[in-house]
Amino acid sequence: MARVYYEKDCDLGKLTGKKIAIIGYGSQGHAHAMNLRDSGCDVIVGLYKGGKSWPIAEKDGFTVMTVSEATKAADIIMILINDEKQADMYKSEMLPYLTEGKTIAFAHGFNIRYKQIVAPKGVDVFMAAPKGPGHTVRSQYVAGKGVPCLVAVEQDASGKCLDTALAYIAGIGGARAGVLETTMQQETETDLFGEQTVLCGGVVDLMQCGFEVLCEAGYDPVNAYFECIHEMKLIIDLVNRGGVAAMNYSISDTAEFGEYVSGPRVLPHEEIKANMRKVLQDIQDGTFAGRWIAENKNGRTFFNSRRDQLAKHPMEVIGKQLREQMLWTGDKEGGNLDDVSK
């Protein structure tokens with residue numbers, strides 16, 4: 001088992017006298033900036049001049065600078081813009097100002113793992129990765145709690161990089177829940193694998209197939225949506241609180257029996273695992289990263305076409321109509337998810 005750190009293992013005082021620049025003010029950026037400030041840290045925000053987040057960060061009381069200015073001014077620079085935008089911004093706006101003794105940090109290891117970003121030798125590099133979206137990082141902090149985090153040290157030029165990383169995570173509230181030590185390679189590869197095979201790719205395809213089968217068999221699309229899509233959150237919440245055993249305790253015995261006899265028919269283990277191994281291989285050898293980097297350089301034609309197709313799928317159309325009519329839509333933790341950008 002990897003080591004887990006808690007508040008008692010973290011010294012927030014390691015950030016005393018250090019200026020922290022948060023690069024980006026979207027979902028994670030606003031949460032990190034606000035939590036660190038509330039923890040007593042000296043925080044500035046670095047953004048593209050004229051970007052839509054600039055006035056929002058200023059309204060929230062932060063000193064906002066260009067990325068270059070923030071990099072020059074800060075001791076610790078946390079990069080929280082989208083993965084696909086980081087490398088170009090780093091090379092043009094940050095690298096010239098990363099002098100010896102500074103620290104750069106990430107919430108995901110993609111650009112380090114696939115060498116899109118290579119730090120100067122005299123600079124510390126760490127990862128502080130909350131295992132939850134930014135609005136949850138903020139709301140849990142305000143509630144006196146925290147979101148579990150991963151910590152990794154990629155380059156320890158100072159000999160004190162782990163202390164800095166743990167102090168940073170304590171500042172955003174993660175040490176209240178627990179901080180799991182890992183590497184940026186492991187975090188990147190497992191994160192991409194989980195997203196593609198289970199959490200996003202796998203779940204979306206599974207829900208879509210279930211919805212389509214019921215509709216094609218003549219069932220009301222509203223019933224199909226509730227059964228195959230809406231109730232997914234209710235089930236996952238049970239698993240999140242107490243594992244599969246908690247889910248099985250809460251559902252009917254009929255549902256649990258169906259889990260045992262029909263789950264393997266829909267998702268035959270060995271066939272699914274064989275396909276998953278191929279996905280993992282693409283992640284490990286850089287095939288997926290290369291494809292995603294090329295996609296962004298070539299206008300995102302595949303990405304955008306698939307996004308458009310999904311928006312027009314009946315399960316999305318029906319779901320939108322239902323959410324506009326039902327009361328549950330006003331009960332989102334942290335408010336409207338559209339309030340902050342990625």
# chains A, B, ... in the order shown; residues from 1 in each chain; ligands from 1
$ select_by_dssp --residues "range 90-225 of chain A" --states "alpha helix (DSSP H)" --output "MDAnalysis selection string"
chainID A and resid 110:113 134:142 161:171 184:194 201:216 221:225
$ residues_around --residues "Ala33 in chain A" --least-positions-apart "3" --cutoff "12 Å" --atoms "only C-alpha atoms" --output "number ranges by chain"
A: 19-30, 36-46, 57-58, 60-64, 77-80, 134, 137-138, 141, 168-169, 171-173
$ write_last_selection --atoms "C-alpha atoms" --output "mmCIF file, in the first residue's frame"
data_model
loop_
_atom_site.group_PDB
_atom_site.id
_atom_site.type_symbol
_atom_site.label_atom_id
_atom_site.label_comp_id
_atom_site.auth_asym_id
_atom_site.auth_seq_id
_atom_site.Cartn_x
_atom_site.Cartn_y
_atom_site.Cartn_z
ATOM 1 C CA LYS A 19 3.863 33.684 -3.455
ATOM 2 C CA ILE A 20 1.665 31.161 -5.250
ATOM 3 C CA ALA A 21 0.446 31.750 -8.809
ATOM 4 C CA ILE A 22 -2.620 29.856 -9.967
ATOM 5 C CA ILE A 23 -2.551 29.660 -13.763
ATOM 6 C CA GLY A 24 -6.146 29.387 -14.919
ATOM 7 C CA TYR A 25 -9.365 30.292 -13.133
ATOM 8 C CA GLY A 26 -11.803 27.625 -14.207
ATOM 9 C CA SER A 27 -13.220 24.735 -12.202
ATOM 10 C CA GLN A 28 -10.002 23.731 -10.405
ATOM 11 C CA GLY A 29 -8.304 27.127 -10.629
ATOM 12 C CA HIS A 30 -10.914 29.098 -8.721
ATOM 13 C CA LEU A 36 -5.253 28.691 -0.492
ATOM 14 C CA ARG A 37 -6.196 32.294 0.226
ATOM 15 C CA ASP A 38 -8.572 31.192 2.984
ATOM 16 C CA SER A 39 -5.696 29.127 4.410
ATOM 17 C CA GLY A 40 -3.629 32.302 4.730
ATOM 18 C CA CYS A 41 -1.472 31.936 1.621
ATOM 19 C CA ASP A 42 -0.311 34.716 -0.692
ATOM 20 C CA VAL A 43 -2.104 33.974 -3.978
ATOM 21 C CA ILE A 44 -2.136 35.632 -7.389
ATOM 22 C CA VAL A 45 -3.842 34.491 -10.582
ATOM 23 C CA GLY A 46 -2.209 34.218 -14.010
ATOM 24 C CA ALA A 57 -10.938 36.555 -10.701
ATOM 25 C CA GLU A 58 -10.626 40.289 -10.074
ATOM 26 C CA ASP A 60 -13.289 37.597 -6.395
ATOM 27 C CA GLY A 61 -10.564 39.843 -4.991
ATOM 28 C CA PHE A 62 -7.435 38.412 -6.596
ATOM 29 C CA THR A 63 -4.534 40.250 -8.156
ATOM 30 C CA VAL A 64 -4.570 39.101 -11.779
ATOM 31 C CA ILE A 77 3.275 28.162 -10.066
ATOM 32 C CA MET A 78 0.321 25.770 -10.297
ATOM 33 C CA ILE A 79 -0.775 25.128 -13.907
ATOM 34 C CA LEU A 80 -4.526 24.518 -14.063
ATOM 35 C CA GLY A 134 -13.252 21.969 -8.587
ATOM 36 C CA VAL A 137 -12.875 20.946 -3.803
ATOM 37 C CA ARG A 138 -14.275 24.352 -2.869
ATOM 38 C CA TYR A 141 -13.256 23.079 2.059
ATOM 39 C CA TYR A 168 0.077 23.043 -0.821
ATOM 40 C CA ILE A 169 -2.407 20.175 -0.545
ATOM 41 C CA GLY A 171 -3.785 24.605 1.864
ATOM 42 C CA ILE A 172 -6.499 23.435 -0.532
ATOM 43 C CA GLY A 173 -8.008 21.148 2.126
#
$ closest_atom_pairs --of "range 133-157 of chain A" --to "range 179-182 of chain A" --cutoff "9 Å" --atoms "only C-alpha atoms" --output "CSV"
residue,atom,partner,partner_atom,distance
A:Pro148,CA,A:Val179,CA,5.9
A:Cys149,CA,A:Val179,CA,4.8
A:Leu150,CA,A:Leu180,CA,4.8
A:Val151,CA,A:Glu181,CA,5.0
A:Ala152,CA,A:Thr182,CA,5.2
A:Val153,CA,A:Thr182,CA,8.3
$ residues_around --residues "Leu199 in chain A" --least-positions-apart "6" --cutoff "12 Å" --atoms "only C-alpha atoms" --output "VMD selection string"
chain A and resid 190 to 193 205 to 207 232 to 233 236
$ write_last_selection --atoms "C-alpha atoms" --output "PDB file, in the first residue's frame"
ATOM      1  CA  THR A 190      -4.441   5.140 -14.395  1.00  0.00           C
ATOM      2  CA  ASP A 191      -6.423   8.371 -14.806  1.00  0.00           C
ATOM      3  CA  LEU A 192      -6.586   8.063 -18.582  1.00  0.00           C
ATOM      4  CA  PHE A 193      -7.414   4.364 -18.324  1.00  0.00           C
ATOM      5  CA  ASP A 205     -21.536   3.630 -23.948  1.00  0.00           C
ATOM      6  CA  LEU A 206     -23.247   1.341 -21.439  1.00  0.00           C
ATOM      7  CA  MET A 207     -25.994   3.866 -20.679  1.00  0.00           C
ATOM      8  CA  MET A 232     -26.827   5.739 -12.386  1.00  0.00           C
ATOM      9  CA  LYS A 233     -25.961   8.498  -9.904  1.00  0.00           C
ATOM     10  CA  ILE A 236     -22.794   5.132  -7.754  1.00  0.00           C
TER      11      ILE A 236
END
$ residues_around --residues "range 201-203 of chain A" --least-positions-apart "4" --cutoff "12 Å" --atoms "only C-alpha atoms" --output "ChimeraX atom specification"
/A:192-197,207-210,228-229,232-233,236,267,272,275-276,279
$ closest_residue --among "A:Gly101, A:Ser158, A:Thr66, A:Tyr225" --to "Val317 in chain A" --atoms "only C-alpha atoms"
A:Tyr225
$ closest_residue --among "A:Val261, A:Ile293, A:Leu162, A:Leu15" --to "Asp88 in chain A" --atoms "only C-alpha atoms"
A:Ile293
$ residues_around --residues "Pro221 in chain A" --least-positions-apart "5" --cutoff "9 Å" --atoms "only C-alpha atoms" --output "number ranges by chain"
A: 211-212, 214-215, 226, 314-315, 318
$ write_last_selection --atoms "N, CA and C atoms" --output "PDB file, in the first residue's frame"
ATOM      1  N   PHE A 211     -30.302   2.454 -23.098  1.00  0.00           N
ATOM      2  CA  PHE A 211     -31.368   3.354 -23.538  1.00  0.00           C
ATOM      3  C   PHE A 211     -31.874   2.945 -24.917  1.00  0.00           C
ATOM      4  N   GLU A 212     -30.958   2.677 -25.841  1.00  0.00           N
ATOM      5  CA  GLU A 212     -31.341   2.330 -27.211  1.00  0.00           C
ATOM      6  C   GLU A 212     -32.101   1.006 -27.265  1.00  0.00           C
ATOM      7  N   LEU A 214     -33.987  -0.436 -24.978  1.00  0.00           N
ATOM      8  CA  LEU A 214     -35.359  -0.270 -24.477  1.00  0.00           C
ATOM      9  C   LEU A 214     -36.227   0.497 -25.461  1.00  0.00           C
ATOM     10  N   CYS A 215     -35.686   1.567 -26.039  1.00  0.00           N
ATOM     11  CA  CYS A 215     -36.461   2.358 -26.994  1.00  0.00           C
ATOM     12  C   CYS A 215     -36.787   1.549 -28.245  1.00  0.00           C
ATOM     13  N   PHE A 226     -34.839   7.197 -17.277  1.00  0.00           N
ATOM     14  CA  PHE A 226     -34.756   7.050 -15.827  1.00  0.00           C
ATOM     15  C   PHE A 226     -34.033   5.774 -15.430  1.00  0.00           C
ATOM     16  N   PRO A 314     -30.970  10.815 -28.961  1.00  0.00           N
ATOM     17  CA  PRO A 314     -32.236  10.910 -28.218  1.00  0.00           C
ATOM     18  C   PRO A 314     -32.072  10.876 -26.697  1.00  0.00           C
ATOM     19  N   MET A 315     -31.078  10.136 -26.179  1.00  0.00           N
ATOM     20  CA  MET A 315     -30.940  10.097 -24.716  1.00  0.00           C
ATOM     21  C   MET A 315     -30.565  11.479 -24.171  1.00  0.00           C
ATOM     22  N   ILE A 318     -33.905  13.762 -24.705  1.00  0.00           N
ATOM     23  CA  ILE A 318     -34.901  13.422 -23.679  1.00  0.00           C
ATOM     24  C   ILE A 318     -34.427  13.882 -22.307  1.00  0.00           C
TER      25      ILE A 318
END
$ closest_residue --among "A:Ile235, A:Asp11, A:Glu270, A:Ser92" --to "Ala255 in chain A" --atoms "only C-alpha atoms"
A:Ile235
$ residues_around --residues "Ile104 in chain A" --least-positions-apart "2" --cutoff "7 Å" --atoms "only C-alpha atoms" --output "list in words"
Ile76, Ile77, Met78, Lys102, Asp124, Val125 and Phe126 of chain A
